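Engineer: You'll find entry16.pdb just under this line, and it carries PDB, C-alpha atoms.
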MODEL        1
ATOM      1  CA  MET A   1      24.774  95.769 191.479
ATOM      2  CA  HIS A   2      26.092  93.157 193.897
ATOM      3  CA  LYS A   3      27.513  90.032 192.260
ATOM      4  CA  ASP A   4      24.988  87.773 194.058
ATOM      5  CA  ILE A   5      21.967  89.689 192.743
ATOM      6  CA  GLU A   6      20.207  88.346 189.674
ATOM      7  CA  LYS A   7      18.018  91.396 189.098
ATOM      8  CA  VAL A   8      17.024  94.640 190.845
ATOM      9  CA  LEU A   9      13.316  94.478 191.645
ATOM     10  CA  PHE A  10      12.971  97.985 193.167
ATOM     11  CA  ASN A  11      15.554 100.759 192.980
ATOM     12  CA  GLU A  12      15.964 103.486 195.616
ATOM     13  CA  ALA A  13      13.512 105.892 193.958
ATOM     14  CA  GLN A  14      10.854 103.191 193.625
ATOM     15  CA  ILE A  15      11.272 102.209 197.287
ATOM     16  CA  GLU A  16      10.949 105.844 198.347
ATOM     17  CA  GLU A  17       7.676 106.119 196.424
ATOM     18  CA  ILE A  18       6.311 102.905 197.958
ATOM     19  CA  VAL A  19       7.206 104.058 201.488
ATOM     20  CA  GLY A  20       5.596 107.450 200.814
ATOM     21  CA  ASN A  21       2.355 105.804 199.703
ATOM     22  CA  VAL A  22       2.212 103.640 202.833
ATOM     23  CA  ALA A  23       2.919 106.646 205.084
ATOM     24  CA  GLU A  24       0.189 108.689 203.416
ATOM     25  CA  LYS A  25      -2.409 105.982 204.105
ATOM     26  CA  ILE A  26      -1.320 105.676 207.743
ATOM     27  CA  ASN A  27      -1.427 109.460 208.217
ATOM     28  CA  ASN A  28      -4.923 109.598 206.711
ATOM     29  CA  ASP A  29      -6.220 106.803 208.950
ATOM     30  CA  TYR A  30      -4.700 107.778 212.290
ATOM     31  CA  GLY A  31      -4.829 111.568 212.070
ATOM     32  CA  ASP A  32      -3.707 112.934 215.447
ATOM     33  CA  SER A  33      -3.951 109.612 217.311
ATOM     34  CA  GLU A  34      -0.785 108.458 219.009
ATOM     35  CA  ILE A  35       0.527 105.063 217.915
ATOM     36  CA  VAL A  36       3.074 102.525 219.072
ATOM     37  CA  ALA A  37       5.141 101.461 216.081
ATOM     38  CA  ILE A  38       6.278  97.906 216.680
ATOM     39  CA  VAL A  39       9.332  97.323 214.529
ATOM     40  CA  ILE A  40       9.828  93.655 213.723
ATOM     41  CA  LEU A  41      13.550  92.989 213.846
ATOM     42  CA  LYS A  42      15.741  92.671 212.025
ATOM     43  CA  GLY A  43      14.470  92.926 208.475
ATOM     44  CA  SER A  44      12.044  95.811 208.873
ATOM     45  CA  LEU A  45      14.528  98.145 210.558
ATOM     46  CA  VAL A  46      15.389 100.084 207.380
ATOM     47  CA  PHE A  47      11.777 100.313 206.165
ATOM     48  CA  SER A  48      10.606 101.327 209.650
ATOM     49  CA  ALA A  49      13.138 104.139 209.938
ATOM     50  CA  ASP A  50      12.066 105.600 206.601
ATOM     51  CA  LEU A  51       8.358 105.101 207.306
ATOM     52  CA  ILE A  52       8.343 106.556 210.829
ATOM     53  CA  ARG A  53      10.046 109.747 209.632
ATOM     54  CA  ARG A  54       7.088 110.323 207.305
ATOM     55  CA  LEU A  55       4.375 109.906 209.937
ATOM     56  CA  ASP A  56       2.638 113.039 211.229
ATOM     57  CA  MET A  57       1.268 111.742 214.542
ATOM     58  CA  ASN A  58       3.096 111.075 217.809
ATOM     59  CA  VAL A  59       4.888 107.752 217.449
ATOM     60  CA  GLN A  60       6.283 105.621 220.246
ATOM     61  CA  VAL A  61       8.699 102.994 218.985
ATOM     62  CA  ASP A  62       9.327  99.530 220.367
ATOM     63  CA  PHE A  63      10.814  96.354 218.952
ATOM     64  CA  MET A  64       9.973  92.686 218.669
ATOM     65  CA  GLN A  65      11.978  89.936 217.096
ATOM     66  CA  ALA A  66      10.197  86.850 215.907
ATOM     67  CA  SER A  67      11.400  84.218 213.521
ATOM     68  CA  SER A  68      10.213  81.216 211.615
ATOM     69  CA  TYR A  69      13.179  80.945 209.236
ATOM     70  CA  GLY A  70      16.521  80.432 210.984
ATOM     71  CA  PHE A  71      19.120  80.405 208.223
ATOM     72  CA  GLY A  72      16.955  78.833 205.516
ATOM     73  CA  THR A  73      14.674  80.178 202.824
ATOM     74  CA  GLU A  74      11.549  78.251 203.845
ATOM     75  CA  SER A  75       9.414  78.993 206.875
ATOM     76  CA  SER A  76       9.879  76.316 209.535
ATOM     77  CA  GLY A  77       6.288  76.764 210.692
ATOM     78  CA  VAL A  78       7.489  77.284 214.267
ATOM     79  CA  ILE A  79       7.362  80.864 215.535
ATOM     80  CA  LYS A  80       9.822  81.992 218.189
ATOM     81  CA  ILE A  81       9.606  85.376 219.922
ATOM     82  CA  LYS A  82      13.247  86.236 220.529
ATOM     83  CA  LYS A  83      12.755  89.815 221.761
ATOM     84  CA  ASP A  84       9.551  91.059 223.312
ATOM     85  CA  LEU A  85       8.101  94.539 223.781
ATOM     86  CA  GLU A  86       9.135  96.752 226.645
ATOM     87  CA  THR A  87       6.033  98.950 226.192
ATOM     88  CA  ASP A  88       2.708  98.138 227.801
ATOM     89  CA  ILE A  89       0.365  98.427 224.813
ATOM     90  CA  ARG A  90      -2.902  98.174 226.745
ATOM     91  CA  GLY A  91      -5.299 100.747 225.334
ATOM     92  CA  LYS A  92      -2.838 101.925 222.681
ATOM     93  CA  HIS A  93      -2.965 101.766 218.901
ATOM     94  CA  ALA A  94      -0.332  99.256 217.768
ATOM     95  CA  LEU A  95       1.131  99.407 214.281
ATOM     96  CA  ILE A  96       3.226  96.356 213.449
ATOM     97  CA  ILE A  97       5.864  97.273 210.874
ATOM     98  CA  GLU A  98       7.153  94.328 208.841
ATOM     99  CA  ASP A  99       9.446  94.048 205.839
ATOM    100  CA  ILE A 100       7.760  91.171 204.001
ATOM    101  CA  ILE A 101       4.769  88.895 204.471
ATOM    102  CA  ASP A 102       5.546  85.418 203.252
ATOM    103  CA  SER A 103       3.605  82.544 204.850
ATOM    104  CA  GLY A 104       1.668  84.909 207.145
ATOM    105  CA  ARG A 105       2.344  82.720 210.192
ATOM    106  CA  THR A 106       4.539  85.163 212.099
ATOM    107  CA  LEU A 107       2.300  88.188 211.631
ATOM    108  CA  SER A 108      -0.862  86.252 212.385
ATOM    109  CA  LEU A 109       0.604  85.127 215.711
ATOM    110  CA  LEU A 110       1.940  88.583 216.580
ATOM    111  CA  LYS A 111      -1.324  90.327 215.725
ATOM    112  CA  GLU A 112      -3.324  87.959 217.937
ATOM    113  CA  GLU A 113      -0.788  88.264 220.759
ATOM    114  CA  LEU A 114      -1.010  92.069 220.761
ATOM    115  CA  LYS A 115      -4.814  91.905 220.799
ATOM    116  CA  LYS A 116      -4.618  89.590 223.840
ATOM    117  CA  ARG A 117      -2.397  92.148 225.540
ATOM    118  CA  GLY A 118      -5.202  94.703 225.265
ATOM    119  CA  ALA A 119      -4.115  96.965 222.409
ATOM    120  CA  ALA A 120      -6.887  99.376 221.376
ATOM    121  CA  SER A 121      -6.198  98.367 217.780
ATOM    122  CA  VAL A 122      -3.603  96.330 215.927
ATOM    123  CA  LYS A 123      -2.792  97.062 212.303
ATOM    124  CA  ILE A 124      -0.006  95.933 210.012
ATOM    125  CA  ALA A 125       2.179  97.937 207.661
ATOM    126  CA  SER A 126       4.334  95.806 205.392
ATOM    127  CA  LEU A 127       6.655  96.905 202.634
ATOM    128  CA  LEU A 128       6.223  93.719 200.609
ATOM    129  CA  SER A 129       3.881  90.766 200.333
ATOM    130  CA  LYS A 130       4.445  87.454 198.584
ATOM    131  CA  PRO A 131       0.872  86.124 198.153
ATOM    132  CA  ALA A 132       1.995  82.945 196.359
ATOM    133  CA  ARG A 133       3.583  81.787 199.630
ATOM    134  CA  ARG A 134       0.636  82.566 201.928
ATOM    135  CA  VAL A 135      -0.349  79.757 204.283
ATOM    136  CA  VAL A 136      -2.251  81.863 206.833
ATOM    137  CA  ASP A 137      -4.491  84.758 205.838
ATOM    138  CA  VAL A 138      -3.477  87.880 207.679
ATOM    139  CA  GLU A 139      -5.118  91.247 207.126
ATOM    140  CA  THR A 140      -2.568  93.865 206.128
ATOM    141  CA  GLU A 141      -4.013  97.340 206.359
ATOM    142  CA  TYR A 142      -1.008  99.121 204.836
ATOM    143  CA  LEU A 143       0.792  97.247 202.086
ATOM    144  CA  GLY A 144       3.549  98.681 199.940
ATOM    145  CA  THR A 145       3.407  96.210 197.066
ATOM    146  CA  GLU A 146       3.096  92.556 196.136
ATOM    147  CA  ILE A 147       6.027  90.681 194.649
ATOM    148  CA  PRO A 148       6.463  87.388 192.803
ATOM    149  CA  ASP A 149       7.660  84.229 194.542
ATOM    150  CA  GLU A 150      11.361  85.108 194.388
ATOM    151  CA  PHE A 151      13.938  85.284 197.172
ATOM    152  CA  VAL A 152      14.581  89.003 197.686
ATOM    153  CA  VAL A 153      17.277  90.804 199.653
ATOM    154  CA  GLY A 154      18.382  94.367 200.292
ATOM    155  CA  TYR A 155      16.840  97.364 202.072
ATOM    156  CA  GLY A 156      16.874  95.371 205.327
ATOM    157  CA  LEU A 157      15.919  92.004 203.838
ATOM    158  CA  ASP A 158      18.576  89.332 204.226
ATOM    159  CA  TYR A 159      19.743  85.854 203.496
ATOM    160  CA  ALA A 160      21.725  84.392 206.419
ATOM    161  CA  GLU A 161      22.236  87.927 207.803
ATOM    162  CA  ARG A 162      23.790  89.217 204.575
ATOM    163  CA  TYR A 163      22.701  91.847 202.002
ATOM    164  CA  ARG A 164      20.637  94.002 204.425
ATOM    165  CA  ASN A 165      22.724  97.059 203.540
ATOM    166  CA  LEU A 166      21.930  97.072 199.825
ATOM    167  CA  PRO A 167      20.078 100.318 198.961
ATOM    168  CA  TYR A 168      17.722  98.478 196.587
ATOM    169  CA  ILE A 169      15.649  95.285 196.683
ATOM    170  CA  GLY A 170      16.999  92.593 194.438
ATOM    171  CA  ILE A 171      16.364  88.980 193.561
ATOM    172  CA  LEU A 172      19.085  86.745 194.975
ATOM    173  CA  LYS A 173      20.697  84.343 192.519
ATOM    174  CA  PRO A 174      19.452  80.806 193.287
ATOM    175  CA  GLU A 175      22.960  79.339 193.353
ATOM    176  CA  VAL A 176      23.684  81.493 196.413
ATOM    177  CA  TYR A 177      21.058  79.844 198.621
ATOM    178  CA  LEU A 178      20.470  76.430 197.082
TER
ENDMDL
END
Please re-express this file's structure in C-alpha coordinates.
Structural biologist:
Amino acid sequence: MHKDIEKVLFNEAQIEEIVGNVAEKINNDYGDSEIVAIVILKGSLVFSADLIRRLDMNVQVDFMQASSYGFGTESSGVIKIKKDLETDIRGKHALIIEDIIDSGRTLSLLKEELKKRGAASVKIASLLSKPARRVVDVETEYLGTEIPDEFVVGYGLDYAERYRNLPYIGILKPEVYL
(Lines of atoms letter the chains of each structure in order from A and count residues from 1; the text may use other names and numbers.)
(Lines give C-alpha, C1' and ligand atoms only; values in the text may rest on other atoms or scores of the structure.)
Protein backbone atom coordinates (compact mmCIF):
# COMPACT_ATOMS: atom_id res chain seq x y z
CA MET A 1 0.00 0.00 0.00
CA HIS A 2 1.25 3.48 -0.86
CA LYS A 3 2.44 5.54 2.11
CA ASP A 4 -0.15 8.28 1.42
CA ILE A 5 -3.10 5.87 1.53
CA GLU A 6 -5.03 5.58 4.77
CA LYS A 7 -7.07 2.54 3.75
CA VAL A 8 -7.82 0.44 0.65
CA LEU A 9 -11.50 0.82 -0.18
CA PHE A 10 -11.60 -1.59 -3.17
CA ASN A 11 -8.87 -4.04 -4.14
CA GLU A 12 -8.22 -5.22 -7.71
CA ALA A 13 -10.59 -8.21 -7.49
CA GLN A 14 -13.40 -6.06 -6.09
CA ILE A 15 -12.92 -3.48 -8.86
CA GLU A 16 -13.00 -6.22 -11.49
CA GLU A 17 -16.32 -7.47 -10.10
CA ILE A 18 -17.81 -3.96 -10.05
CA VAL A 19 -16.74 -3.31 -13.66
CA GLY A 20 -18.17 -6.68 -14.71
CA ASN A 21 -21.54 -5.85 -13.15
CA VAL A 22 -21.70 -2.49 -14.93
CA ALA A 23 -20.75 -4.09 -18.27
CA GLU A 24 -23.41 -6.76 -17.89
CA LYS A 25 -26.14 -4.13 -17.39
CA ILE A 26 -24.95 -2.14 -20.41
CA ASN A 27 -24.82 -5.28 -22.58
CA ASN A 28 -28.36 -6.22 -21.51
CA ASP A 29 -29.73 -2.75 -22.27
CA TYR A 30 -28.05 -2.01 -25.59
CA GLY A 31 -27.97 -5.47 -27.15
CA ASP A 32 -26.67 -5.08 -30.71
CA SER A 33 -27.04 -1.28 -30.85
CA GLU A 34 -23.89 0.63 -31.64
CA ILE A 35 -22.80 3.18 -29.04
CA VAL A 36 -20.37 6.05 -28.75
CA ALA A 37 -18.46 5.68 -25.50
CA ILE A 38 -17.51 9.14 -24.32
CA VAL A 39 -14.56 8.77 -21.98
CA ILE A 40 -14.30 11.66 -19.55
CA LEU A 41 -10.62 12.44 -19.15
CA LYS A 42 -8.51 11.95 -17.27
CA GLY A 43 -9.88 10.04 -14.31
CA SER A 44 -12.13 7.58 -16.13
CA LEU A 45 -9.46 6.38 -18.56
CA VAL A 46 -8.60 3.22 -16.59
CA PHE A 47 -12.23 2.33 -15.82
CA SER A 48 -13.23 3.01 -19.44
CA ALA A 49 -10.53 0.74 -20.85
CA ASP A 50 -11.63 -2.14 -18.63
CA LEU A 51 -15.34 -1.50 -19.23
CA ILE A 52 -15.15 -1.16 -23.02
CA ARG A 53 -13.31 -4.48 -23.34
CA ARG A 54 -16.31 -6.17 -21.70
CA LEU A 55 -18.95 -4.67 -23.99
CA ASP A 56 -20.47 -6.91 -26.68
CA MET A 57 -21.80 -4.27 -29.09
CA ASN A 58 -19.91 -2.11 -31.57
CA VAL A 59 -18.32 0.73 -29.62
CA GLN A 60 -16.95 3.96 -31.04
CA VAL A 61 -14.73 5.79 -28.58
CA ASP A 62 -14.25 9.52 -28.17
CA PHE A 63 -12.99 11.73 -25.37
CA MET A 64 -14.05 14.82 -23.47
CA GLN A 65 -12.25 16.59 -20.70
CA ALA A 66 -14.24 18.71 -18.32
CA SER A 67 -13.27 19.98 -14.93
CA SER A 68 -14.69 21.71 -11.92
CA TYR A 69 -11.82 20.95 -9.53
CA GLY A 70 -8.46 22.33 -10.66
CA PHE A 71 -5.95 21.17 -8.05
CA GLY A 72 -8.29 21.23 -5.05
CA THR A 73 -10.58 18.71 -3.41
CA GLU A 74 -13.77 20.78 -3.60
CA SER A 75 -15.76 21.46 -6.75
CA SER A 76 -15.36 25.08 -7.84
CA GLY A 77 -18.88 25.09 -9.27
CA VAL A 78 -17.54 26.33 -12.61
CA ILE A 79 -17.42 23.74 -15.39
CA LYS A 80 -14.82 24.06 -18.13
CA ILE A 81 -14.78 21.86 -21.23
CA LYS A 82 -11.08 21.50 -21.97
CA LYS A 83 -11.33 18.89 -24.73
CA ASP A 84 -14.41 18.39 -26.86
CA LEU A 85 -15.64 15.48 -28.96
CA GLU A 86 -14.39 14.88 -32.46
CA THR A 87 -17.38 12.62 -33.24
CA ASP A 88 -20.69 13.97 -34.48
CA ILE A 89 -23.11 12.25 -32.09
CA ARG A 90 -26.32 13.25 -33.87
CA GLY A 91 -28.62 10.24 -33.94
CA LYS A 92 -26.18 8.05 -31.99
CA HIS A 93 -26.44 6.43 -28.58
CA ALA A 94 -23.99 8.22 -26.27
CA LEU A 95 -22.64 6.52 -23.18
CA ILE A 96 -20.75 8.91 -20.92
CA ILE A 97 -18.15 7.00 -18.91
CA GLU A 98 -17.09 8.71 -15.68
CA ASP A 99 -14.92 7.65 -12.77
CA ILE A 100 -16.82 9.28 -9.91
CA ILE A 101 -19.92 11.41 -9.44
CA ASP A 102 -19.38 13.95 -6.71
CA SER A 103 -21.43 17.17 -6.91
CA GLY A 104 -23.15 16.08 -10.14
CA ARG A 105 -22.50 19.45 -11.79
CA THR A 106 -20.11 18.24 -14.49
CA LEU A 107 -22.19 15.27 -15.59
CA SER A 108 -25.43 17.23 -15.54
CA LEU A 109 -23.92 19.81 -17.89
CA LEU A 110 -22.36 17.20 -20.17
CA LYS A 111 -25.55 15.15 -20.40
CA GLU A 112 -27.61 18.20 -21.38
CA GLU A 113 -24.97 19.33 -23.88
CA LEU A 114 -24.97 15.95 -25.65
CA LYS A 115 -28.78 15.98 -25.82
CA LYS A 116 -28.61 19.45 -27.43
CA ARG A 117 -26.20 18.05 -29.99
CA GLY A 118 -28.86 15.56 -31.08
CA ALA A 119 -27.74 12.27 -29.54
CA ALA A 120 -30.41 9.56 -29.89
CA SER A 121 -29.90 8.81 -26.20
CA VAL A 122 -27.48 9.85 -23.48
CA LYS A 123 -26.75 7.55 -20.56
CA ILE A 124 -24.11 7.58 -17.86
CA ALA A 125 -21.89 4.80 -16.58
CA SER A 126 -19.94 5.71 -13.47
CA LEU A 127 -17.65 3.54 -11.40
CA LEU A 128 -18.33 5.40 -8.16
CA SER A 129 -20.84 7.81 -6.69
CA LYS A 130 -20.52 9.95 -3.58
CA PRO A 131 -24.17 10.81 -2.78
CA ALA A 132 -23.29 12.83 0.34
CA ARG A 133 -21.66 15.42 -1.94
CA ARG A 134 -24.49 15.70 -4.50
CA VAL A 135 -25.55 19.24 -5.34
CA VAL A 136 -27.24 18.49 -8.68
CA ASP A 137 -29.35 15.39 -9.25
CA VAL A 138 -28.10 13.51 -12.27
CA GLU A 139 -29.57 10.22 -13.42
CA THR A 140 -26.91 7.53 -13.60
CA GLU A 141 -28.15 4.51 -15.49
CA TYR A 142 -25.10 2.33 -14.80
CA LEU A 143 -23.50 2.78 -11.40
CA GLY A 144 -20.74 0.61 -10.01
CA THR A 145 -21.11 1.46 -6.33
CA GLU A 146 -21.66 4.25 -3.84
CA ILE A 147 -18.89 5.33 -1.50
CA PRO A 148 -18.70 7.40 1.68
CA ASP A 149 -17.63 11.05 1.66
CA GLU A 150 -13.89 10.32 1.60
CA PHE A 151 -11.22 11.55 -0.80
CA VAL A 152 -10.35 8.52 -2.94
CA VAL A 153 -7.49 7.93 -5.36
CA GLY A 154 -6.17 5.10 -7.51
CA TYR A 155 -7.48 3.22 -10.55
CA GLY A 156 -7.45 6.50 -12.52
CA LEU A 157 -8.64 8.75 -9.70
CA ASP A 158 -6.13 11.39 -8.66
CA TYR A 159 -5.18 14.17 -6.35
CA ALA A 160 -3.19 16.89 -8.15
CA GLU A 161 -2.44 14.42 -10.98
CA ARG A 162 -0.92 11.84 -8.63
CA TYR A 163 -1.94 8.28 -7.62
CA ARG A 164 -3.80 7.42 -10.88
CA ASN A 165 -1.58 4.37 -11.39
CA LEU A 166 -2.49 2.62 -8.15
CA PRO A 167 -4.18 -0.72 -8.98
CA TYR A 168 -6.72 -0.28 -6.16
CA ILE A 169 -8.96 2.52 -4.89
CA GLY A 170 -7.84 3.91 -1.58
CA ILE A 171 -8.71 6.69 0.82
CA LEU A 172 -6.07 9.41 0.75
CA LYS A 173 -4.68 10.46 4.12
CA PRO A 174 -6.09 13.90 5.01
CA GLU A 175 -2.67 15.36 5.82
CA VAL A 176 -1.73 14.89 2.15
CA TYR A 177 -4.37 17.28 0.81
CA LEU A 178 -5.20 19.57 3.72
Engineer: Restricting the calculation to only C-alpha atoms, which member of A:Lys123, A:Arg53, A:Lys116, A:Lys82 is positioned closest to Ile96 of chain A?
Structural biologist: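 Once distances to Ile96 of chain A are computed over only C-alpha atoms, the minimum belongs to A:Lys123.
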Engineer: Would you mind reading off the distance between atom CA of Ser129 of chain A and atom CA of Asn58 of chain A, one decimal, in Å?
Structural biologist: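 Taking atom CA of Ser129 of chain A as the start and atom CA of Asn58 of chain A as the end point, the length is 26.8 Å.
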Engineer: Leaving out Leu45 of chain A and any residue of its chain fewer than 2 positions from it, which residues lie within 12 Å of it when counting only C-alpha atoms, given as a VMD selection string?
Structural biologist: chain A and resid 37 to 43 47 to 52 61 to 65 96 to 100 126 to 127 154 to 158 164 to 165
Engineer: Leaving out Ala132 of chain A and any residue of its chain fewer than 5 positions from it, which residues lie within 10 Å of it when counting only C-alpha atoms, given as a list in words?
Structural biologist: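 Here the qualifying residues turn out to be Asp102, Ser103, Glu146, Ile147, Pro148, Asp149 and Glu150 of chain A.
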Engineer: With the PyMOL selection byres ((chain A and resi 13-25) around 8) as the selection, what would be picked from this file? Answer as a list in words, please.
Structural biologist: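 When the PyMOL selection byres ((chain A and resi 13-25) around 8) is applied, the selected residues are Phe10, Asn11, Glu12, Ile26, Asn27, Asn28, Asp29, Phe47, Asp50, Leu51, Ile52, Arg54, Leu55, Ala125, Leu127, Tyr142, Leu143, Gly144, Thr145 and Tyr168 of chain A.
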Engineer: Find the distance between atom CA of Glu175 of chain A and atom CA of Lys3 of chain A and write it in Å to one decimal.
Structural biologist: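 These two atoms are separated by 11.7 Å.
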Engineer: Might you spell out which residues the PyMOL selection byres ((chain A and resi 137) around 12) would select in the displayed file, as a list in words?
Structural biologist: Ile101, Asp102, Ser103, Gly104, Arg105, Thr106, Leu107, Ser108, Leu109, Lys111, Ser129, Lys130, Pro131, Ala132, Arg133, Arg134, Val135, Val136, Val138, Glu139 and Thr140 of chain A
Engineer: Once 8 Å is added on each side, what centre and edge lengths in Å to one decimal does the axis-aligned box around all listed atoms of segment 53-56 of chain A have, as lines of an AutoDock Vina configuration file?
Structural biologist:
center_x = 6.3
center_y = 111.4
center_z = 209.3
size_x = 23.4
size_y = 19.3
size_z = 19.9
Engineer: Just say which residues the PyMOL selection byres ((chain A and resi 32) around 8) picks in this file, as a list in words.
Structural biologist: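 Answer for the PyMOL selection byres ((chain A and resi 32) around 8): Tyr30, Gly31, Ser33, Glu34, Asp56, Met57 and Asn58 of chain A.
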Engineer: Find the distance between atom CA of Leu172 of chain A and atom CA of Val46 of chain A and write it in Å to one decimal.
Structural biologist: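 Atom CA of Val46 of chain A lies 18.6 Å from atom CA of Leu172 of chain A.
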